[in-house]
file coords-v3.cif (mmCIF, C-alpha atoms (C1' of nucleotides))
data_target
loop_
_atom_site.label_atom_id
_atom_site.label_comp_id
_atom_site.auth_asym_id
_atom_site.auth_seq_id
_atom_site.Cartn_x
_atom_site.Cartn_y
_atom_site.Cartn_z
CA MET Z 9 6.75 -4.78 -4.48
CA LEU Z 10 8.64 -1.57 -4.00
CA SER Z 11 6.64 1.63 -3.76
CA LYS Z 12 7.05 4.30 -6.38
CA LYS Z 13 8.91 6.36 -3.84
CA THR Z 14 11.62 3.73 -3.59
CA LYS Z 15 11.71 3.20 -7.34
CA TYR Z 16 12.06 6.91 -7.94
CA ALA Z 17 14.75 7.08 -5.28
CA LEU Z 18 16.70 4.35 -7.06
CA HIS Z 19 16.36 6.14 -10.37
CA ALA Z 20 17.48 9.41 -8.80
CA LEU Z 21 20.45 7.79 -7.09
CA THR Z 22 21.61 6.03 -10.23
CA TYR Z 23 21.19 9.26 -12.18
CA LEU Z 24 23.35 11.07 -9.64
CA GLY Z 25 25.81 8.21 -9.79
CA ARG Z 26 26.12 8.60 -13.53
CA HIS Z 27 26.73 12.32 -13.14
CA LYS Z 28 29.24 12.12 -10.32
CA ASP Z 29 31.71 14.36 -12.14
CA GLU Z 30 29.24 17.25 -12.25
CA LYS Z 31 29.08 19.24 -9.05
CA THR Z 32 25.29 19.27 -8.72
CA VAL Z 33 22.23 18.00 -10.58
CA LEU Z 34 18.84 19.71 -10.65
CA ILE Z 35 15.70 18.01 -9.34
CA GLN Z 36 14.01 19.10 -12.52
CA GLU Z 37 16.56 17.31 -14.66
CA ILE Z 38 15.98 13.96 -12.94
CA ALA Z 39 12.24 14.46 -12.86
CA GLU Z 40 12.07 15.12 -16.58
CA GLU Z 41 14.36 12.23 -17.43
CA HIS Z 42 11.95 9.77 -15.81
CA GLY Z 43 8.63 11.61 -16.11
CA ILE Z 44 8.30 12.03 -12.36
CA SER Z 45 6.44 14.91 -10.73
CA HIS Z 46 8.98 17.52 -9.69
CA LYS Z 47 7.42 18.06 -6.29
CA PHE Z 48 7.04 14.39 -5.50
CA LEU Z 49 10.65 13.74 -6.37
CA GLU Z 50 11.68 16.73 -4.29
CA ASN Z 51 10.20 15.11 -1.17
CA ILE Z 52 12.07 11.93 -1.89
CA LEU Z 53 15.39 13.68 -2.41
CA LEU Z 54 14.89 15.50 0.86
CA GLU Z 55 14.45 12.20 2.66
CA LEU Z 56 17.57 10.80 1.05
CA LYS Z 57 19.42 13.91 2.12
CA LYS Z 58 18.21 13.70 5.72
CA ALA Z 59 19.35 10.11 5.75
CA GLY Z 60 22.84 11.20 4.78
CA MET Z 61 22.91 9.70 1.31
CA LEU Z 62 22.79 12.96 -0.62
CA GLY Z 63 24.20 16.40 -0.25
CA SER Z 64 22.70 19.56 -1.70
CA LYS Z 65 23.63 23.05 -2.52
CA LYS Z 66 21.10 25.82 -2.17
CA GLY Z 67 20.66 28.90 -4.30
CA LYS Z 68 21.25 29.60 -7.93
CA GLY Z 69 23.46 26.99 -9.47
CA GLY Z 70 22.63 24.57 -6.69
CA GLY Z 71 21.28 21.03 -6.81
CA TYR Z 72 21.88 17.57 -5.43
CA TYR Z 73 24.89 15.28 -5.44
CA LEU Z 74 25.94 11.91 -4.08
CA ILE Z 75 27.67 12.15 -0.74
CA LYS Z 76 28.76 8.52 -0.62
CA GLU Z 77 30.44 6.04 -2.88
CA PRO Z 78 27.88 3.97 -4.81
CA LYS Z 79 29.41 0.82 -3.31
CA ASP Z 80 28.47 2.14 0.13
CA ILE Z 81 24.78 2.48 -0.65
CA PRO Z 82 23.15 -0.94 -0.29
CA LEU Z 83 19.62 -1.52 -1.55
CA SER Z 84 18.57 -2.45 1.97
CA ARG Z 85 19.26 1.09 3.09
CA VAL Z 86 17.18 2.73 0.39
CA ILE Z 87 14.30 0.31 0.79
CA ARG Z 88 14.17 0.64 4.57
CA LEU Z 89 14.23 4.40 4.37
CA LEU Z 90 11.37 4.81 1.90
CA ASP Z 91 9.36 1.62 2.17
CA GLY Z 92 9.99 0.56 5.71
CA PRO Z 93 10.63 -2.99 6.88
CA ILE Z 94 12.31 -5.61 4.74
CA ALA Z 95 11.01 -8.40 6.96
CA LEU Z 96 7.79 -10.04 5.82
CA LEU Z 97 6.13 -9.73 9.22
CA PRO Z 98 6.24 -6.97 11.85
CA CYS Z 99 7.11 -9.55 14.51
CA VAL Z 100 10.44 -10.35 12.82
CA SER Z 101 11.48 -6.85 11.79
CA LEU Z 102 14.80 -5.67 13.13
CA ASN Z 103 14.15 -1.99 12.51
CA TYR Z 104 10.38 -1.75 12.77
CA TYR Z 105 9.41 -4.45 15.23
CA GLU Z 106 5.81 -4.82 16.35
CA PRO Z 107 4.02 -7.87 17.70
CA CYS Z 108 1.50 -9.54 15.38
CA GLU Z 109 -2.04 -8.98 16.56
CA GLU Z 110 -3.33 -12.40 15.71
CA CYS Z 111 -0.42 -14.23 17.30
CA LYS Z 112 -1.12 -15.69 20.71
CA ASN Z 113 2.42 -16.51 21.67
CA GLU Z 114 5.34 -15.33 19.58
CA ALA Z 115 7.72 -17.45 21.61
CA VAL Z 116 6.28 -20.66 20.17
CA CYS Z 117 5.18 -19.48 16.73
CA GLY Z 118 6.57 -21.50 13.82
CA ILE Z 119 5.65 -18.78 11.36
CA ASN Z 120 7.74 -16.35 13.38
CA ARG Z 121 10.71 -18.73 13.39
CA VAL Z 122 10.67 -19.35 9.68
CA MET Z 123 10.17 -15.70 8.87
CA ILE Z 124 13.26 -14.85 10.89
CA GLN Z 125 15.20 -17.22 8.68
CA VAL Z 126 13.68 -15.69 5.55
CA ARG Z 127 14.51 -12.22 6.83
CA ASP Z 128 18.14 -13.08 7.49
CA GLU Z 129 18.64 -14.62 4.08
CA THR Z 130 16.84 -11.77 2.34
CA LEU Z 131 18.96 -9.23 4.18
CA LYS Z 132 22.12 -10.92 2.97
CA ILE Z 133 20.97 -10.28 -0.57
CA LEU Z 134 19.84 -6.69 -0.14
CA GLU Z 135 22.82 -5.65 1.93
CA ASN Z 136 25.22 -6.97 -0.66
CA LYS Z 137 23.63 -5.38 -3.69
CA THR Z 138 24.57 -1.74 -3.92
CA LEU Z 139 24.11 1.25 -6.13
CA GLU Z 140 27.44 0.32 -7.67
CA ASP Z 141 26.00 -2.99 -8.89
CA ILE Z 142 23.21 -1.12 -10.63
CA LEU Z 143 25.62 1.29 -12.28
CA LYS Z 144 27.86 -1.55 -13.41
CA GLU Z 145 24.96 -3.27 -15.16
CA GLU Z 146 24.14 -0.28 -17.33
CA MET X 20 5.46 -6.90 4.34
CA LEU X 21 2.90 -9.60 3.89
CA SER X 22 -0.75 -8.57 3.82
CA LYS X 23 -3.09 -9.79 6.52
CA LYS X 24 -4.64 -12.07 3.95
CA THR X 25 -1.37 -13.93 3.50
CA LYS X 26 -0.69 -13.97 7.23
CA TYR X 27 -4.12 -15.36 7.94
CA ALA X 28 -3.65 -17.92 5.19
CA LEU X 29 -0.43 -19.09 6.79
CA HIS X 30 -2.10 -19.36 10.17
CA ALA X 31 -4.98 -21.30 8.68
CA LEU X 32 -2.68 -23.64 6.78
CA THR X 33 -0.55 -24.37 9.83
CA TYR X 34 -3.68 -24.91 11.90
CA LEU X 35 -4.93 -27.41 9.34
CA GLY X 36 -1.49 -28.98 9.29
CA ARG X 37 -1.61 -29.49 13.04
CA HIS X 38 -5.05 -31.10 12.73
CA LYS X 39 -4.28 -33.37 9.81
CA ASP X 40 -5.66 -36.41 11.60
CA GLU X 41 -9.12 -34.86 11.90
CA LYS X 42 -11.23 -35.16 8.80
CA THR X 43 -12.30 -31.53 8.62
CA VAL X 44 -11.85 -28.29 10.52
CA LEU X 45 -14.42 -25.51 10.78
CA ILE X 46 -13.71 -21.98 9.56
CA GLN X 47 -15.10 -20.77 12.83
CA GLU X 48 -12.59 -22.78 14.79
CA ILE X 49 -9.60 -21.25 13.00
CA ALA X 50 -11.12 -17.77 13.10
CA GLU X 51 -11.64 -17.91 16.84
CA GLU X 52 -8.21 -19.34 17.51
CA HIS X 53 -6.59 -16.30 15.90
CA GLY X 54 -9.24 -13.65 16.39
CA ILE X 55 -9.89 -13.32 12.67
CA SER X 56 -13.25 -12.28 11.22
CA HIS X 57 -15.10 -15.42 10.15
CA LYS X 58 -16.19 -13.97 6.82
CA PHE X 59 -12.80 -12.55 5.93
CA LEU X 60 -11.15 -15.86 6.65
CA GLU X 61 -13.80 -17.62 4.62
CA ASN X 62 -12.79 -15.66 1.51
CA ILE X 63 -9.18 -16.60 2.06
CA LEU X 64 -9.92 -20.29 2.51
CA LEU X 65 -11.94 -20.21 -0.68
CA GLU X 66 -8.97 -18.81 -2.57
CA LEU X 67 -6.72 -21.47 -1.14
CA LYS X 68 -9.23 -24.07 -2.17
CA LYS X 69 -9.52 -22.75 -5.73
CA ALA X 70 -5.74 -22.83 -5.91
CA GLY X 71 -5.79 -26.53 -5.06
CA MET X 72 -4.18 -26.28 -1.64
CA LEU X 73 -7.25 -27.13 0.39
CA GLY X 74 -10.22 -29.44 0.08
CA SER X 75 -13.59 -28.91 1.69
CA LYS X 76 -16.68 -30.79 2.59
CA LYS X 77 -20.06 -29.11 2.42
CA GLY X 78 -23.04 -29.57 4.67
CA LYS X 79 -23.41 -30.40 8.29
CA GLY X 80 -20.24 -31.87 9.68
CA GLY X 81 -18.23 -30.36 6.83
CA GLY X 82 -15.18 -28.13 6.90
CA TYR X 83 -11.75 -27.70 5.38
CA TYR X 84 -8.73 -29.95 5.21
CA LEU X 85 -5.25 -29.97 3.71
CA ILE X 86 -5.15 -31.59 0.31
CA LYS X 87 -1.35 -31.62 0.02
CA GLU X 88 1.58 -32.60 2.15
CA PRO X 89 2.95 -29.63 4.10
CA LYS X 90 6.33 -30.17 2.45
CA ASP X 91 4.66 -29.53 -0.92
CA ILE X 92 3.34 -26.10 0.01
CA PRO X 93 6.16 -23.57 -0.39
CA LEU X 94 5.80 -20.07 1.00
CA SER X 95 6.25 -18.70 -2.50
CA ARG X 96 2.98 -20.32 -3.54
CA VAL X 97 0.95 -18.85 -0.70
CA ILE X 98 2.45 -15.40 -1.07
CA ARG X 99 1.96 -15.27 -4.83
CA LEU X 100 -1.62 -16.38 -4.51
CA LEU X 101 -2.72 -13.83 -1.92
CA ASP X 102 -0.22 -11.00 -2.21
CA GLY X 103 0.83 -11.20 -5.81
CA PRO X 104 4.35 -10.78 -7.12
CA ILE X 105 7.42 -11.72 -5.13
CA ALA X 106 9.65 -9.61 -7.37
CA LEU X 107 10.36 -6.10 -6.15
CA LEU X 108 9.48 -4.50 -9.49
CA PRO X 109 6.76 -5.29 -12.02
CA CYS X 110 9.36 -5.33 -14.79
CA VAL X 111 11.13 -8.35 -13.26
CA SER X 112 8.10 -10.34 -12.16
CA LEU X 113 7.85 -13.84 -13.60
CA ASN X 114 4.15 -14.26 -12.85
CA TYR X 115 2.85 -10.70 -12.93
CA TYR X 116 5.09 -8.93 -15.45
CA GLU X 117 4.38 -5.35 -16.43
CA PRO X 118 6.76 -2.73 -17.80
CA CYS X 119 7.73 0.07 -15.43
CA GLU X 120 6.17 3.36 -16.44
CA GLU X 121 9.13 5.53 -15.64
CA CYS X 122 11.63 3.29 -17.41
CA LYS X 123 12.71 4.47 -20.81
CA ASN X 124 14.45 1.33 -21.93
CA GLU X 125 14.21 -1.85 -19.93
CA ALA X 126 16.84 -3.48 -22.11
CA VAL X 127 19.57 -1.24 -20.74
CA CYS X 128 18.25 -0.62 -17.22
CA GLY X 129 20.70 -1.47 -14.45
CA ILE X 130 17.94 -1.43 -11.84
CA ASN X 131 16.12 -4.06 -13.87
CA ARG X 132 19.23 -6.25 -14.09
CA VAL X 133 19.98 -6.14 -10.40
CA MET X 134 16.34 -6.70 -9.45
CA ILE X 135 16.31 -9.85 -11.58
CA GLN X 136 19.22 -11.13 -9.50
CA VAL X 137 17.46 -10.18 -6.28
CA ARG X 138 14.30 -11.91 -7.48
CA ASP X 139 16.12 -15.14 -8.32
CA GLU X 140 17.86 -15.29 -4.98
CA THR X 141 14.69 -14.42 -3.08
CA LEU X 142 12.78 -17.10 -4.92
CA LYS X 143 15.33 -19.69 -3.90
CA ILE X 144 14.54 -18.88 -0.29
CA LEU X 145 10.77 -18.79 -0.57
CA GLU X 146 10.52 -21.88 -2.73
CA ASN X 147 12.55 -23.89 -0.27
CA LYS X 148 10.70 -22.89 2.87
CA THR X 149 7.46 -24.82 3.16
CA LEU X 150 4.56 -25.30 5.50
CA GLU X 151 6.44 -28.27 6.87
CA ASP X 152 9.27 -26.01 8.03
CA ILE X 153 6.77 -23.90 9.95
CA LEU X 154 5.20 -26.94 11.57
CA LYS X 155 8.58 -28.32 12.54
CA GLU X 156 9.50 -25.11 14.34
CA GLU X 157 6.49 -25.24 16.64
"C1'" DC M 7 22.41 44.73 -3.10
"C1'" DA M 8 18.55 43.24 -6.01
"C1'" DT M 9 17.12 39.35 -8.26
"C1'" DA M 10 16.17 34.99 -9.83
"C1'" DA M 11 17.22 30.27 -9.29
"C1'" DA M 12 17.14 26.50 -6.50
"C1'" DC M 13 16.58 23.84 -2.40
"C1'" DC M 14 13.61 23.46 2.10
"C1'" DC M 15 9.38 22.46 4.74
"C1'" DT M 16 4.63 21.40 6.07
"C1'" DA M 17 0.03 20.64 5.08
"C1'" DT M 18 -3.63 18.92 2.36
"C1'" DA M 19 -6.00 16.48 -1.47
"C1'" DT M 20 -6.61 12.49 -4.48
"C1'" DA M 21 -6.27 7.78 -5.80
"C1'" DT M 22 -5.55 3.13 -4.86
"C1'" DT M 23 -5.40 -0.85 -2.20
"C1'" DT M 24 -6.42 -3.46 1.75
"C1'" DT M 25 -9.49 -4.99 5.05
"C1'" DA M 26 -13.91 -6.08 6.46
"C1'" DT M 27 -18.91 -6.71 6.10
"C1'" DA M 28 -23.37 -8.08 4.20
"C1'" DG M 29 -26.63 -11.11 2.48
"C1'" DG M 30 -28.08 -14.60 0.60
"C1'" DG M 31 -27.36 -19.45 -2.17
"C1'" DT M 32 -26.20 -24.35 -2.19
"C1'" DT M 33 -25.07 -28.74 -0.30
"C1'" DT M 34 -25.53 -32.57 2.91
"C1'" DA M 35 -25.73 -35.37 7.50
"C1'" DT M 36 -29.10 -36.49 10.48
"C1'" DA T 10 -37.49 -31.43 6.83
"C1'" DT T 11 -34.05 -29.02 8.95
"C1'" DA T 12 -30.02 -27.03 10.50
"C1'" DA T 13 -25.18 -26.79 9.81
"C1'" DA T 14 -21.66 -25.60 6.93
"C1'" DC T 15 -19.37 -24.23 2.80
"C1'" DC T 16 -20.00 -21.14 -1.62
"C1'" DC T 17 -20.34 -16.71 -4.13
"C1'" DT T 18 -20.71 -11.80 -5.32
"C1'" DA T 19 -21.13 -7.16 -4.21
"C1'" DT T 20 -20.31 -3.25 -1.45
"C1'" DA T 21 -18.53 -0.40 2.49
"C1'" DA T 22 -14.91 1.27 5.49
"C1'" DA T 23 -10.26 2.09 6.62
"C1'" DA T 24 -5.62 2.60 5.63
"C1'" DT T 25 -1.88 3.71 2.69
"C1'" DA T 26 0.40 5.52 -1.26
"C1'" DT T 27 0.68 9.07 -4.49
"C1'" DA T 28 0.47 13.65 -5.80
"C1'" DT T 29 -0.25 18.63 -5.28
"C1'" DA T 30 -0.01 23.28 -3.23
"C1'" DG T 31 2.04 27.18 -1.44
"C1'" DG T 32 5.11 29.52 0.44
"C1'" DG T 33 10.07 30.04 3.01
"C1'" DT T 34 15.08 30.28 2.85
"C1'" DT T 35 19.52 30.43 0.79
"C1'" DT T 36 22.98 31.99 -2.51
"C1'" DA T 37 25.49 32.98 -7.15
"C1'" DT T 38 25.61 36.59 -9.98
"C1'" DG T 39 25.56 41.06 -12.31
#
call {"tool": "encode", "arguments": {"input": "coords-v3.cif", "output": "structure tokens"}}
result
Amino acid sequence: MLSKKTKYALHALTYLGRHKDEKTVLIQEIAEEHGISHKFLENILLELKKAGMLGSKKGKGGGYYLIKEPKDIPLSRVIRLLDGPIALLPCVSLNYYEPCEECKNEAVCGINRVMIQVRDETLKILENKTLEDILKEE
Amino acid sequence: MLSKKTKYALHALTYLGRHKDEKTVLIQEIAEEHGISHKFLENILLELKKAGMLGSKKGKGGGYYLIKEPKDIPLSRVIRLLDGPIALLPCVSLNYYEPCEECKNEAVCGINRVMIQVRDETLKILENKTLEDILKEE
DNA sequence: CATAAACCCTATATATTTTATAGGGTTTAT
DNA sequence: ATAAACCCTATAAAATATATAGGGTTTATG
């Protein structure tokens, strides 16, 4: 399951997507809309900004805005950023690889092999679904 | 990512699959093979047994054994049993449904819609990969 | 140029979940 | 009778996720 961080990020991104015509949107506005703690959401928006998905404007009248087209923000990107690996095991993660402690020999591990297949097929799904798909469904 | 419980369960199941010709296999044997705590693994095997995937024989000379054909044990089953929902959000889970707290109206939520699609496609993968696939890759 | 609004940053506290341990109970081959 | 092995429940420890706190910096505006 996705963490609340990722869920909140998706809500924030879709909110910003719906308000693309406005120059900026306040953290507070998004937080109130979804009953999220202002400060918690702030941390999340900062991460999204550092990752290049959002822009922001400081000072009075400032706020956040989408810096990319919704079609260019795949779910895989958001999930990886806030939740970490999409793979089901560390030993098959492309972005967060680690060997599995209990595995004697990864080179001959059937679980490893199958999980690589699962990972590849899962990635196809999550790379193809984008923020635009969410907005279109509303 | 899968929990250690699920990982250990997969290791235990494949171990039992590889030793199908023997009548029973000891917990201790599987635990040592993968460096898993005996007692922790015991809890997992019990869950698998209650779920009808394993059989056991009590008393001296007893142990565990596979009660189903490896091809009839899909990954989805093992994951759901030990890790819970496969869906990315509670509001789209088939087996563990709960409404999302921060969602005002599920009926018009684009995130919900897209996550249903993701769930269905993910399920196709995990229902089709079975213990047999893991054993074949070894 | 003072001020208030708003983002920026880091550290810490709380809650929840996962992982592991403990200790005995029950069954059964020998 | 006995020892080996599964069965069951409760609790402890560790890790992670969630939330809070407190101040710093930037900037539109009057």
call {"tool": "residues_around", "arguments": {"input": "coords-v3.cif", "residues": "Arg96 (chain X)", "least_positions_apart": "4", "cutoff": "8 Å", "atoms": "all atoms listed in the file", "output": "JSON list (two decimals) with C-alpha atoms, keeping the file's coordinate frame"}}
result
[["chain", "number", "residue", "atom", "x", "y", "z"],
["X", 92, "ILE", "CA", 3.34, -26.10, 0.01],
["X", 100, "LEU", "CA", -1.62, -16.38, -4.51],
["X", 146, "GLU", "CA", 10.52, -21.88, -2.73]]
call {"tool": "resolve_selection", "arguments": {"input": "coords-v3.cif", "expression": "the PyMOL selection byres ((chain X) within 6 of (chain Z))", "output": "NGL selection string"}}
result
:X and (20-21 or 53 or 107-108 or 121 or 127-130 or 133 or 153 or 156-157)
call {"tool": "write_last_selection", "arguments": {"input": "coords-v3.cif", "atoms": "C-alpha atoms", "output": "JSON list (two decimals), in the coordinates of the input"}}
result
[["chain", "number", "residue", "atom", "x", "y", "z"],
["X", 20, "MET", "CA", 5.46, -6.90, 4.34],
["X", 21, "LEU", "CA", 2.90, -9.60, 3.89],
["X", 53, "HIS", "CA", -6.59, -16.30, 15.90],
["X", 107, "LEU", "CA", 10.36, -6.10, -6.15],
["X", 108, "LEU", "CA", 9.48, -4.50, -9.49],
["X", 121, "GLU", "CA", 9.13, 5.53, -15.64],
["X", 127, "VAL", "CA", 19.57, -1.24, -20.74],
["X", 128, "CYS", "CA", 18.25, -0.62, -17.22],
["X", 129, "GLY", "CA", 20.70, -1.47, -14.45],
["X", 130, "ILE", "CA", 17.94, -1.43, -11.84],
["X", 133, "VAL", "CA", 19.98, -6.14, -10.40],
["X", 153, "ILE", "CA", 6.77, -23.90, 9.95],
["X", 156, "GLU", "CA", 9.50, -25.11, 14.34],
["X", 157, "GLU", "CA", 6.49, -25.24, 16.64]]
call {"tool": "closest_residue", "arguments": {"input": "coords-v3.cif", "among": "X:Ser56, X:Gln47, X:Thr25, X:Asn114", "to": "chain M", "atoms": "all atoms listed in the file"}}
result
X:Ser56
call {"tool": "resolve_selection", "arguments": {"input": "coords-v3.cif", "expression": "the PyMOL selection byres ((chain M and resi 31) around 12)", "output": "NGL selection string"}}
result
(:M and (29-30 or 32-33)) or (:T and (15-18))
call {"tool": "interface_residues", "arguments": {"input": "coords-v3.cif", "of": "chain T", "to": "chain Z", "cutoff": "6 Å", "atoms": "only C-alpha atoms (C1' of nucleotides)", "output": "VMD selection string"}}
result
chain T and resid 35 to 37
call {"tool": "calpha_fit_and_write", "arguments": {"input": "coords-v3.cif", "fixed": "chain Z", "moving": "chain X", "output": "CSV table (one decimal) with C-alpha atoms, keeping the file's coordinate frame"}}
result
chain,number,residue,atom,x,y,z
X,20,MET,CA,6.8,-4.8,-4.5
X,21,LEU,CA,8.7,-1.6,-4.0
X,22,SER,CA,6.7,1.6,-3.7
X,23,LYS,CA,7.1,4.3,-6.4
X,24,LYS,CA,8.9,6.4,-3.8
X,25,THR,CA,11.6,3.7,-3.6
X,26,LYS,CA,11.7,3.2,-7.3
X,27,TYR,CA,12.1,6.9,-7.9
X,28,ALA,CA,14.8,7.1,-5.3
X,29,LEU,CA,16.7,4.4,-7.0
X,30,HIS,CA,16.4,6.1,-10.4
X,31,ALA,CA,17.5,9.4,-8.8
X,32,LEU,CA,20.5,7.8,-7.1
X,33,THR,CA,21.6,6.0,-10.2
X,34,TYR,CA,21.2,9.3,-12.2
X,35,LEU,CA,23.4,11.1,-9.7
X,36,GLY,CA,25.8,8.2,-9.8
X,37,ARG,CA,26.1,8.6,-13.5
X,38,HIS,CA,26.7,12.3,-13.1
X,39,LYS,CA,29.2,12.1,-10.3
X,40,ASP,CA,31.7,14.4,-12.2
X,41,GLU,CA,29.2,17.3,-12.3
X,42,LYS,CA,29.1,19.3,-9.1
X,43,THR,CA,25.3,19.3,-8.8
X,44,VAL,CA,22.2,18.0,-10.6
X,45,LEU,CA,18.8,19.7,-10.6
X,46,ILE,CA,15.7,18.0,-9.3
X,47,GLN,CA,14.0,19.1,-12.5
X,48,GLU,CA,16.6,17.3,-14.6
X,49,ILE,CA,16.0,14.0,-12.9
X,50,ALA,CA,12.2,14.4,-12.9
X,51,GLU,CA,12.1,15.1,-16.6
X,52,GLU,CA,14.4,12.2,-17.4
X,53,HIS,CA,12.0,9.8,-15.8
X,54,GLY,CA,8.7,11.6,-16.1
X,55,ILE,CA,8.3,12.0,-12.4
X,56,SER,CA,6.4,14.9,-10.7
X,57,HIS,CA,9.0,17.5,-9.7
X,58,LYS,CA,7.4,18.1,-6.3
X,59,PHE,CA,7.0,14.4,-5.5
X,60,LEU,CA,10.7,13.7,-6.4
X,61,GLU,CA,11.7,16.7,-4.3
X,62,ASN,CA,10.2,15.1,-1.2
X,63,ILE,CA,12.1,11.9,-1.9
X,64,LEU,CA,15.4,13.7,-2.4
X,65,LEU,CA,14.9,15.5,0.9
X,66,GLU,CA,14.5,12.2,2.7
X,67,LEU,CA,17.6,10.8,1.1
X,68,LYS,CA,19.4,13.9,2.1
X,69,LYS,CA,18.2,13.7,5.7
X,70,ALA,CA,19.4,10.1,5.7
X,71,GLY,CA,22.9,11.2,4.8
X,72,MET,CA,22.9,9.7,1.3
X,73,LEU,CA,22.8,12.9,-0.6
X,74,GLY,CA,24.2,16.4,-0.3
X,75,SER,CA,22.7,19.6,-1.7
X,76,LYS,CA,23.6,23.1,-2.5
X,77,LYS,CA,21.1,25.9,-2.2
X,78,GLY,CA,20.6,28.9,-4.3
X,79,LYS,CA,21.1,29.6,-7.9
X,80,GLY,CA,23.4,27.0,-9.5
X,81,GLY,CA,22.6,24.6,-6.7
X,82,GLY,CA,21.3,21.0,-6.8
X,83,TYR,CA,21.9,17.6,-5.4
X,84,TYR,CA,24.9,15.3,-5.5
X,85,LEU,CA,26.0,11.9,-4.1
X,86,ILE,CA,27.7,12.2,-0.8
X,87,LYS,CA,28.8,8.5,-0.6
X,88,GLU,CA,30.4,6.1,-2.9
X,89,PRO,CA,27.9,4.0,-4.8
X,90,LYS,CA,29.4,0.8,-3.3
X,91,ASP,CA,28.5,2.1,0.1
X,92,ILE,CA,24.8,2.5,-0.6
X,93,PRO,CA,23.1,-0.9,-0.3
X,94,LEU,CA,19.6,-1.5,-1.5
X,95,SER,CA,18.6,-2.5,2.0
X,96,ARG,CA,19.3,1.1,3.1
X,97,VAL,CA,17.2,2.7,0.4
X,98,ILE,CA,14.3,0.3,0.8
X,99,ARG,CA,14.2,0.6,4.6
X,100,LEU,CA,14.2,4.4,4.4
X,101,LEU,CA,11.4,4.8,1.9
X,102,ASP,CA,9.4,1.6,2.2
X,103,GLY,CA,10.0,0.6,5.7
X,104,PRO,CA,10.6,-3.0,6.9
X,105,ILE,CA,12.3,-5.6,4.8
X,106,ALA,CA,11.0,-8.4,7.0
X,107,LEU,CA,7.8,-10.0,5.8
X,108,LEU,CA,6.1,-9.7,9.3
X,109,PRO,CA,6.2,-7.0,11.9
X,110,CYS,CA,7.1,-9.5,14.5
X,111,VAL,CA,10.4,-10.4,12.8
X,112,SER,CA,11.5,-6.9,11.8
X,113,LEU,CA,14.8,-5.7,13.1
X,114,ASN,CA,14.2,-2.0,12.5
X,115,TYR,CA,10.4,-1.7,12.8
X,116,TYR,CA,9.4,-4.5,15.2
X,117,GLU,CA,5.8,-4.8,16.4
X,118,PRO,CA,4.0,-7.9,17.7
X,119,CYS,CA,1.5,-9.5,15.4
X,120,GLU,CA,-2.1,-9.0,16.6
X,121,GLU,CA,-3.3,-12.4,15.7
X,122,CYS,CA,-0.4,-14.2,17.3
X,123,LYS,CA,-1.1,-15.7,20.7
X,124,ASN,CA,2.4,-16.5,21.6
X,125,GLU,CA,5.3,-15.3,19.6
X,126,ALA,CA,7.7,-17.5,21.6
X,127,VAL,CA,6.3,-20.7,20.2
X,128,CYS,CA,5.2,-19.5,16.7
X,129,GLY,CA,6.5,-21.5,13.8
X,130,ILE,CA,5.6,-18.8,11.3
X,131,ASN,CA,7.7,-16.4,13.4
X,132,ARG,CA,10.7,-18.7,13.4
X,133,VAL,CA,10.7,-19.4,9.7
X,134,MET,CA,10.1,-15.7,8.9
X,135,ILE,CA,13.2,-14.9,10.9
X,136,GLN,CA,15.2,-17.2,8.7
X,137,VAL,CA,13.7,-15.7,5.5
X,138,ARG,CA,14.5,-12.2,6.8
X,139,ASP,CA,18.1,-13.1,7.5
X,140,GLU,CA,18.6,-14.6,4.1
X,141,THR,CA,16.8,-11.8,2.3
X,142,LEU,CA,19.0,-9.2,4.2
X,143,LYS,CA,22.1,-10.9,3.0
X,144,ILE,CA,21.0,-10.3,-0.6
X,145,LEU,CA,19.8,-6.7,-0.1
X,146,GLU,CA,22.8,-5.7,1.9
X,147,ASN,CA,25.2,-7.0,-0.7
X,148,LYS,CA,23.6,-5.4,-3.7
X,149,THR,CA,24.6,-1.7,-3.9
X,150,LEU,CA,24.1,1.3,-6.1
X,151,GLU,CA,27.4,0.3,-7.7
X,152,ASP,CA,26.0,-3.0,-8.9
X,153,ILE,CA,23.2,-1.1,-10.6
X,154,LEU,CA,25.6,1.3,-12.3
X,155,LYS,CA,27.9,-1.5,-13.4
X,156,GLU,CA,25.0,-3.3,-15.2
X,157,GLU,CA,24.1,-0.3,-17.3
call {"tool": "resolve_selection", "arguments": {"input": "coords-v3.cif", "expression": "the PyMOL selection byres ((chain Z and resi 25) around 9)", "output": "list in words"}}
result
Ala20, Leu21, Thr22, Tyr23, Leu24, Arg26, His27, Lys28, Asp29, Tyr73, Leu74, Glu77, Pro78, Leu139, Glu140 and Leu143 of chain Z
call {"tool": "atom_distance", "arguments": {"input": "coords-v3.cif", "atom1": "CA of Leu34 (chain Z)", "atom2": "CA of Gly71 (chain Z)"}}
result
4.7 Å
call {"tool": "closest_atom_pairs", "arguments": {"input": "coords-v3.cif", "of": "chain M", "to": "chain Z", "cutoff": "10 Å", "atoms": "only C-alpha atoms (C1' of nucleotides)", "output": "Markdown table"}}
result
| residue | atom | partner | partner_atom | distance |
| --- | --- | --- | --- | --- |
| M:DA10 | C1' | Z:Lys68 | CA | 7.6 |
| M:DA11 | C1' | Z:Lys68 | CA | 4.3 |
| M:DA12 | C1' | Z:Gly67 | CA | 4.8 |
| M:DC13 | C1' | Z:Lys66 | CA | 4.9 |
| M:DC14 | C1' | Z:Leu54 | CA | 8.2 |
| M:DC15 | C1' | Z:Asn51 | CA | 9.5 |
call {"tool": "closest_residue", "arguments": {"input": "coords-v3.cif", "among": "M:DT27, M:DT34, M:DT22, M:DT16", "to": "DA22 (chain T)", "atoms": "only C-alpha atoms (C1' of nucleotides)"}}
result
M:DT27
